[in-house]
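J.: What follows is input-v7.txt, compact mmCIF, C-alpha atoms.
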```txt
# COMPACT_ATOMS: atom_id res chain seq x y z
CA MET A 18 21.19 8.87 9.23
CA TYR A 19 17.83 9.95 7.81
CA TYR A 20 17.01 10.14 4.11
CA TYR A 21 13.85 11.87 2.80
CA ILE A 22 12.07 11.17 -0.51
CA TYR A 23 9.58 13.78 -1.75
CA ASP A 24 6.95 12.94 -4.34
CA ASN A 25 6.97 14.96 -7.54
CA TYR A 26 3.55 16.56 -6.91
CA LEU A 27 4.99 18.32 -3.84
CA ASN A 28 6.78 20.71 -6.23
CA GLU A 29 3.46 22.56 -6.54
CA ALA A 30 3.59 25.97 -4.86
CA LYS A 31 0.69 25.18 -2.53
CA TYR A 32 2.83 22.65 -0.65
CA SER A 33 5.89 24.88 -0.11
CA ASN A 34 4.73 26.27 3.24
CA THR A 35 3.90 22.80 4.58
CA LEU A 36 7.29 21.45 3.50
CA SER A 37 9.10 24.39 5.11
CA LYS A 38 7.34 23.68 8.42
CA ILE A 39 8.17 19.97 8.18
CA GLU A 40 11.84 20.64 7.48
CA SER A 41 12.03 23.09 10.38
CA ARG A 42 10.40 20.62 12.78
CA LEU A 43 12.72 17.80 11.67
CA ALA A 44 15.72 20.07 12.26
CA ASP A 45 14.42 20.86 15.76
CA PHE A 46 14.31 17.13 16.49
CA GLY A 47 17.77 16.64 15.00
CA ILE A 48 16.51 14.12 12.47
CA ASN A 49 16.80 16.13 9.27
CA GLY A 50 18.76 14.60 6.41
CA LYS A 51 19.35 14.49 2.69
CA ILE A 52 16.30 15.13 0.49
CA THR A 53 15.75 13.61 -2.94
CA ARG A 54 12.74 14.24 -5.15
CA ILE A 55 10.91 11.83 -7.41
CA SER A 56 11.19 13.00 -11.00
CA PRO A 57 10.34 11.41 -14.36
CA LEU A 58 13.82 12.48 -15.49
CA LYS A 59 15.59 10.68 -12.66
CA ASN A 60 16.43 6.98 -12.33
CA LEU A 61 15.22 6.82 -8.75
CA LYS A 62 16.12 3.16 -8.28
CA LEU A 63 19.75 3.86 -9.20
CA THR A 64 19.80 7.02 -7.07
CA LEU A 65 18.52 5.14 -4.04
CA ARG A 66 21.01 2.32 -4.49
CA GLU A 67 23.88 4.81 -4.56
CA ASP A 68 22.64 7.08 -1.75
CA LEU A 69 21.58 4.33 0.65
CA ASN A 70 25.09 2.87 0.60
CA GLN A 71 26.23 5.94 2.55
CA GLY A 72 25.11 4.67 5.95
CA VAL A 73 21.41 5.56 5.76
CA LYS A 74 19.37 3.69 8.38
CA THR A 75 15.96 5.38 8.02
CA VAL A 76 14.15 6.31 4.80
CA VAL A 77 11.18 8.67 5.15
CA VAL A 78 8.63 8.86 2.35
CA VAL A 79 6.88 12.24 1.99
CA GLY A 80 3.76 12.02 -0.16
CA ASN A 81 0.72 9.75 -0.27
CA ASP A 82 -0.26 6.06 -0.35
CA LYS A 83 0.93 5.68 -3.93
CA THR A 84 4.31 7.23 -3.06
CA LEU A 85 4.78 4.82 -0.16
CA ASN A 86 3.97 1.78 -2.29
CA GLN A 87 6.27 3.02 -5.07
CA ILE A 88 9.24 3.48 -2.74
CA ILE A 89 8.75 0.08 -1.12
CA ASN A 90 9.22 -1.41 -4.60
CA LEU A 91 12.35 0.64 -5.27
CA LEU A 92 14.23 0.12 -2.01
CA PRO A 93 17.30 -2.09 -2.47
CA ASP A 94 17.06 -3.23 1.16
CA LEU A 95 13.70 -3.73 2.90
CA SER A 96 15.42 -4.19 6.27
CA LEU A 97 15.84 -0.40 6.50
CA THR A 98 13.49 1.46 8.81
CA LEU A 99 10.77 3.26 6.85
CA GLY A 100 8.95 6.42 7.93
CA PHE A 101 5.99 8.17 6.31
CA ILE A 102 4.93 11.82 6.27
CA PRO A 103 1.57 12.08 4.47
CA ILE A 104 0.76 15.29 2.60
CA GLY A 105 -2.09 16.07 0.24
CA PRO A 106 -4.86 13.92 -1.28
CA ASN A 107 -5.15 10.12 -1.49
CA ASN A 108 -3.84 9.43 1.98
CA ASN A 109 -5.64 6.60 3.76
CA LEU A 110 -2.87 4.40 5.13
CA CYS A 111 -1.77 7.14 7.51
CA ASN A 112 -5.05 6.78 9.45
CA ILE A 113 -4.49 3.06 9.83
CA PHE A 114 -0.89 3.54 10.98
CA GLY A 115 -1.76 6.36 13.40
CA ILE A 116 0.24 8.97 11.50
CA PRO A 117 -1.19 12.52 11.32
CA GLU A 118 -0.79 14.49 8.12
CA GLY A 119 1.79 17.19 7.54
CA GLU A 120 3.99 18.72 10.21
CA GLU A 121 2.54 16.64 13.08
CA ALA A 122 3.87 13.47 11.45
CA CYS A 123 7.37 14.62 12.44
CA ASN A 124 6.50 13.81 16.06
CA ILE A 125 5.79 10.21 15.04
CA ILE A 126 9.10 9.97 13.17
CA SER A 127 10.99 11.25 16.22
CA GLN A 128 9.29 8.78 18.60
CA ARG A 129 10.36 5.81 16.45
CA ILE A 130 7.76 3.22 17.40
CA ILE A 131 8.68 0.55 14.87
CA GLU A 132 6.51 -2.39 13.87
CA LYS A 133 6.87 -5.05 11.20
CA ILE A 134 4.22 -4.73 8.51
CA ASN A 135 3.41 -7.51 6.06
CA LEU A 136 3.44 -7.05 2.31
CA GLY A 137 1.64 -8.79 -0.51
CA ILE A 138 3.56 -9.56 -3.67
CA ILE A 139 2.22 -9.95 -7.23
CA ASN A 140 3.90 -12.48 -9.55
CA ASP A 141 7.01 -12.52 -7.30
CA HIS A 142 7.79 -9.03 -8.61
CA TYR A 143 5.61 -6.17 -7.35
CA TYR A 144 4.95 -5.51 -3.65
CA PHE A 145 1.78 -3.96 -2.32
CA ILE A 146 1.02 -2.80 1.21
CA SER A 147 -2.73 -2.24 0.94
CA TYR A 148 -5.10 -4.04 -1.45
CA LEU A 149 -6.06 -4.57 -5.06
CA GLU A 150 -9.40 -4.91 -6.83
CA MET A 151 -10.56 -6.51 -10.06
CA SER A 152 -13.76 -7.38 -11.85
CA GLY A 153 -15.19 -10.86 -11.33
CA ASP A 154 -15.84 -11.50 -15.02
CA ASN A 155 -14.88 -15.15 -15.72
CA ILE A 156 -12.30 -15.42 -12.96
CA TYR A 157 -10.89 -18.63 -11.51
CA ILE A 158 -9.23 -18.51 -8.10
CA ASN A 159 -6.94 -21.08 -6.48
CA CYS A 160 -6.38 -20.58 -2.74
CA ASP A 161 -3.32 -22.29 -1.21
CA ASP A 162 -3.75 -25.17 -3.71
CA ASP A 163 -6.49 -26.25 -1.33
CA TYR A 164 -9.77 -24.98 -2.75
CA TYR A 165 -11.01 -23.26 -5.90
CA ILE A 166 -13.51 -20.48 -6.53
CA SER A 167 -15.17 -19.52 -9.82
CA VAL A 168 -16.59 -16.02 -10.30
CA ASP A 169 -18.47 -15.25 -13.51
CA LYS A 170 -20.47 -12.06 -12.97
CA LYS A 171 -19.29 -8.73 -14.38
CA ASP A 172 -20.85 -6.89 -11.46
CA SER A 173 -18.83 -8.88 -8.91
CA ILE A 174 -15.72 -7.32 -7.40
CA ILE A 175 -12.74 -9.33 -6.15
CA ILE A 176 -10.57 -7.77 -3.44
CA VAL A 177 -7.24 -9.17 -2.24
CA SER A 178 -5.91 -7.26 0.74
CA ASN A 179 -3.07 -7.09 3.20
CA ILE A 180 -4.34 -3.87 4.78
CA TYR A 181 -7.80 -2.77 3.71
CA TYR A 182 -9.33 0.72 3.97
CA GLY A 183 -11.77 0.72 1.03
CA ASP A 184 -15.47 1.37 0.56
CA TYR A 185 -16.60 -1.85 2.22
CA ILE A 186 -14.55 -1.55 5.41
CA ASN A 187 -17.66 -1.56 7.62
CA LYS A 188 -19.26 -4.48 5.77
CA ILE A 189 -16.59 -7.18 5.79
CA PRO A 190 -14.83 -8.74 8.83
CA LEU A 191 -11.22 -8.22 7.78
CA ILE A 192 -8.25 -8.47 10.12
CA ASN A 193 -5.29 -6.55 8.75
CA ASN A 194 -1.56 -7.31 8.81
CA LYS A 195 -1.78 -10.95 9.84
CA ASN A 196 -0.10 -14.04 8.42
CA TRP A 197 -2.53 -14.34 5.54
CA LEU A 198 -4.09 -12.32 2.73
CA ASN A 199 -7.79 -11.51 2.83
CA LEU A 200 -9.85 -12.48 -0.21
CA VAL A 201 -13.28 -10.89 -0.52
CA ILE A 202 -15.81 -11.37 -3.29
CA LYS A 203 -18.54 -8.76 -3.49
CA ASN A 204 -21.67 -9.98 -5.26
CA VAL A 205 -24.47 -7.73 -6.44
CA ASN A 206 -27.93 -9.21 -6.86
CA LYS A 207 -30.04 -7.12 -9.21
CA LYS A 208 -33.79 -7.59 -9.41
CA ILE A 209 -36.38 -5.73 -11.43
CA PHE A 210 -38.43 -3.22 -9.40
CA SER A 211 -36.35 -3.77 -6.25
CA GLN A 212 -33.20 -2.32 -4.79
CA GLN A 213 -29.98 -4.17 -5.59
CA LYS A 214 -28.45 -6.09 -2.71
CA GLU A 215 -24.78 -6.60 -1.91
CA SER A 216 -23.39 -9.73 -0.32
CA PHE A 217 -19.81 -10.59 0.59
CA SER A 218 -17.93 -13.88 0.65
CA TYR A 219 -14.76 -13.93 2.73
CA PHE A 220 -11.72 -16.23 2.56
CA LYS A 221 -8.12 -16.08 3.69
CA ALA A 222 -5.00 -17.60 2.15
CA LYS A 223 -1.24 -17.16 1.92
CA LYS A 224 -1.13 -17.97 -1.78
CA ILE A 225 -3.76 -16.93 -4.29
CA LYS A 226 -3.62 -17.66 -8.02
CA ILE A 227 -6.10 -15.87 -10.26
CA ASP A 228 -6.66 -16.84 -13.88
CA SER A 229 -9.05 -16.01 -16.68
CA ASP A 230 -9.56 -16.59 -20.38
CA LYS A 231 -8.64 -12.93 -21.00
CA SER A 232 -6.34 -10.28 -19.53
CA ILE A 233 -7.22 -9.04 -16.05
CA PRO A 234 -7.04 -5.30 -15.30
CA ILE A 235 -6.40 -4.70 -11.60
CA LEU A 236 -6.80 -1.50 -9.61
CA LEU A 237 -4.00 -0.89 -7.11
CA ILE A 238 -3.99 2.40 -5.15
CA ASP A 239 -5.98 4.23 -7.85
CA GLU A 240 -3.68 2.94 -10.58
CA LYS A 241 -4.92 0.50 -13.20
CA ARG A 242 -2.50 -2.22 -14.27
CA ILE A 243 -2.79 -5.02 -16.80
CA ILE A 244 -0.92 -8.07 -15.52
CA LYS A 245 -0.20 -11.20 -17.50
CA ASN A 246 -2.24 -14.27 -16.51
CA PRO A 247 -2.13 -16.13 -14.26
CA ILE A 248 -1.76 -13.60 -11.46
CA LYS A 249 0.01 -15.06 -8.44
CA ILE A 250 -0.57 -13.08 -5.25
CA ASN A 251 1.35 -14.23 -2.19
CA LEU A 252 2.03 -13.04 1.30
CA ALA A 253 5.63 -11.87 0.88
CA ILE A 254 8.44 -13.35 2.96
CA GLU A 255 9.83 -9.83 3.37
CA LYS A 256 8.29 -7.33 5.78
CA ILE A 257 8.91 -3.63 6.25
CA ASN A 258 9.98 -1.96 9.49
CA LEU A 259 7.56 0.97 9.63
CA ILE A 260 7.49 3.85 12.11
CA VAL A 261 3.89 4.00 13.38
CA GLY A 262 1.88 6.10 15.81
CA LYS A 263 0.36 5.14 19.15
CA ASN A 264 -3.13 5.42 17.64
CA ARG A 265 -2.60 2.81 14.94
CA ASN A 266 -5.66 0.66 14.29
CA TYR A 267 -4.78 -2.06 11.78
CA ASN A 268 -5.09 -4.96 14.28
```
In structure tokens, write the structure found in this file.
T.:
Amino acid sequence: MYYYIYDNYLNEAKYSNTLSKIESRLADFGINGKITRISPLKNLKLTLREDLNQGVKTVVVVGNDKTLNQIINLLPDLSLTLGFIPIGPNNNLCNIFGIPEGEEACNIISQRIIEKINLGIINDHYYFISYLEMSGDNIYINCDDDYYISVDKKDSIIIVSNIYYGDYINKIPLINNKNWLNLVIKNVNKKIFSQQKESFSYFKAKKIKIDSDKSIPILLIDEKRIIKNPIKINLAIEKINLIVGKNRNYN
């Protein structure tokens, strides 16, 4: 049984035609199912717990990267198969997973190529599938209780990633979805009368603890969060079973 979750922004009139085409294509494949919509007035976690007890085997997220990450954190059972139909702005993960946007994503869902995808987890509470960023202003980093890194420049950027697709993707040698998290520190060297230069330091670890003498704002899929120190970022034990396309390119 298939179960579809639509993001709230898809209620805008400009998406109605796309959704109609998607629902028609899913019906043609015989994989249509119940639809629920994200709403600020709905306790989605409770709704999912109740609905997914009715024999649902595949949950399909319809929305963008933020929607996918949100639903991963709300699912009561990560062993379910997860599909993704990207629509609208802020979709980057679909390119990595070989999933076309809109109606064509239905073909991927019907083919059911399933792969296990790692997750990161923050403070044993919040999962993330992609990456997070933070400023390097007075930051202390412990990697696997093995080595320590101190970063003290405001212009430095710290990136912790499971799957990375950001601005520096062509500048840093990251390997996605492996048995470690990537840690990248971007340093900017500013000199008077000369162009600033960027340099990157690269590490990998399964456990990363980040501390500071003040609160640390982090950016996660275009959403800023303030998380209590220290921030513990681990490679999660749990993985998701994601339907991917033949043209995936995260390895």
J.: Would you mind listing what lies within 9 Å of Asn135 in chain A as a list of chain:residue names, with all atoms listed in the file counted and same-chain residues fewer than 5 positions away left out?
T.: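 So the residues in contact are A:Ile146, A:Asn179, A:Ile180, A:Asn194, A:Lys195, A:Asn196, A:Leu252, A:Ala253, A:Ile254, A:Glu255, A:Lys256, A:Ile257.
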J.: Which is closer to Leu236 in chain A than all the others in A:Ala222, A:Leu58, A:Ile192, A:Leu149, using all atoms listed in the file?
T.: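 Using all atoms listed in the file, Leu236 in chain A sits closest to A:Leu149.
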J.: May I ask for the distance between CA of Gly119 in chain A and CA of Asp239 in chain A, given in Å to one decimal place?
T.: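 Straight-line distance from CA of Gly119 in chain A to CA of Asp239 in chain A works out to 21.6 Å.
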J.: A:Asn90, A:Leu110, A:Gly47, A:Asn81: which is nearest Lys62 in chain A, counting all atoms listed in the file?
T.: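 Of all the options, A:Asn90 lies closest to Lys62 in chain A.
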J.: Figure out the distance between CA of Asn107 in chain A and CA of Phe46 in chain A, please, to one decimal in Å.
T.: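 Atom-to-atom, CA of Phe46 in chain A to CA of Asn107 in chain A, that is 27.4 Å.
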J.: Since the input lacks some atoms of range 230-252 of chain A, please model N, CA and C atoms and print them as an mmCIF file, in the coordinates of the input.
T.:
```
data_model
loop_
_atom_site.group_PDB
_atom_site.id
_atom_site.type_symbol
_atom_site.label_atom_id
_atom_site.label_comp_id
_atom_site.auth_asym_id
_atom_site.auth_seq_id
_atom_site.Cartn_x
_atom_site.Cartn_y
_atom_site.Cartn_z
ATOM 1 N N ASP A 230 -9.779 -16.351 -18.957
ATOM 2 C CA ASP A 230 -9.560 -16.590 -20.380
ATOM 3 C C ASP A 230 -9.219 -15.307 -21.138
ATOM 4 N N LYS A 231 -9.044 -14.203 -20.394
ATOM 5 C CA LYS A 231 -8.640 -12.930 -21.000
ATOM 6 C C LYS A 231 -7.802 -12.149 -19.979
ATOM 7 N N SER A 232 -7.186 -11.072 -20.430
ATOM 8 C CA SER A 232 -6.340 -10.280 -19.530
ATOM 9 C C SER A 232 -7.173 -9.697 -18.396
ATOM 10 N N ILE A 233 -6.521 -9.489 -17.253
ATOM 11 C CA ILE A 233 -7.220 -9.040 -16.050
ATOM 12 C C ILE A 233 -6.688 -7.666 -15.642
ATOM 13 N N PRO A 234 -7.472 -6.609 -15.828
ATOM 14 C CA PRO A 234 -7.040 -5.300 -15.300
ATOM 15 C C PRO A 234 -7.252 -5.291 -13.778
ATOM 16 N N ILE A 235 -6.254 -4.829 -13.040
ATOM 17 C CA ILE A 235 -6.400 -4.700 -11.600
ATOM 18 C C ILE A 235 -6.223 -3.243 -11.203
ATOM 19 N N LEU A 236 -6.906 -2.853 -10.142
ATOM 20 C CA LEU A 236 -6.800 -1.500 -9.610
ATOM 21 C C LEU A 236 -6.015 -1.568 -8.313
ATOM 22 N N LEU A 237 -4.881 -0.862 -8.271
ATOM 23 C CA LEU A 237 -4.000 -0.890 -7.110
ATOM 24 C C LEU A 237 -3.653 0.551 -6.743
ATOM 25 N N ILE A 238 -4.186 1.018 -5.608
ATOM 26 C CA ILE A 238 -3.990 2.400 -5.150
ATOM 27 C C ILE A 238 -4.280 3.386 -6.291
ATOM 28 N N ASP A 239 -5.497 3.304 -6.821
ATOM 29 C CA ASP A 239 -5.980 4.230 -7.850
ATOM 30 C C ASP A 239 -5.185 4.165 -9.151
ATOM 31 N N GLU A 240 -4.452 3.092 -9.350
ATOM 32 C CA GLU A 240 -3.680 2.940 -10.580
ATOM 33 C C GLU A 240 -4.063 1.627 -11.247
ATOM 34 N N LYS A 241 -4.508 1.712 -12.490
ATOM 35 C CA LYS A 241 -4.920 0.500 -13.200
ATOM 36 C C LYS A 241 -3.714 -0.159 -13.859
ATOM 37 N N ARG A 242 -3.596 -1.461 -13.665
ATOM 38 C CA ARG A 242 -2.500 -2.220 -14.270
ATOM 39 C C ARG A 242 -3.068 -3.438 -14.985
ATOM 40 N N ILE A 243 -2.463 -3.782 -16.111
ATOM 41 C CA ILE A 243 -2.790 -5.020 -16.800
ATOM 42 C C ILE A 243 -1.639 -5.983 -16.534
ATOM 43 N N ILE A 244 -1.951 -7.113 -15.903
ATOM 44 C CA ILE A 244 -0.920 -8.070 -15.520
ATOM 45 C C ILE A 244 -1.170 -9.392 -16.238
ATOM 46 N N LYS A 245 -0.108 -9.958 -16.742
ATOM 47 C CA LYS A 245 -0.200 -11.200 -17.500
ATOM 48 C C LYS A 245 -0.754 -12.335 -16.639
ATOM 49 N N ASN A 246 -1.664 -13.102 -17.211
ATOM 50 C CA ASN A 246 -2.240 -14.270 -16.510
ATOM 51 C C ASN A 246 -1.251 -15.440 -16.508
ATOM 52 N N PRO A 247 -1.354 -16.292 -15.492
ATOM 53 C CA PRO A 247 -2.130 -16.130 -14.260
ATOM 54 C C PRO A 247 -1.457 -15.144 -13.307
ATOM 55 N N ILE A 248 -2.274 -14.528 -12.460
ATOM 56 C CA ILE A 248 -1.760 -13.600 -11.460
ATOM 57 C C ILE A 248 -1.547 -14.374 -10.157
ATOM 58 N N LYS A 249 -0.314 -14.397 -9.692
ATOM 59 C CA LYS A 249 0.010 -15.060 -8.440
ATOM 60 C C LYS A 249 0.198 -13.996 -7.360
ATOM 61 N N ILE A 250 -0.619 -14.069 -6.333
ATOM 62 C CA ILE A 250 -0.570 -13.080 -5.250
ATOM 63 C C ILE A 250 -0.252 -13.832 -3.956
ATOM 64 N N ASN A 251 0.896 -13.534 -3.392
ATOM 65 C CA ASN A 251 1.350 -14.230 -2.190
ATOM 66 C C ASN A 251 1.567 -13.261 -1.050
ATOM 67 N N LEU A 252 1.524 -13.788 0.161
ATOM 68 C CA LEU A 252 2.030 -13.040 1.300
ATOM 69 C C LEU A 252 3.551 -13.086 1.204
#
```
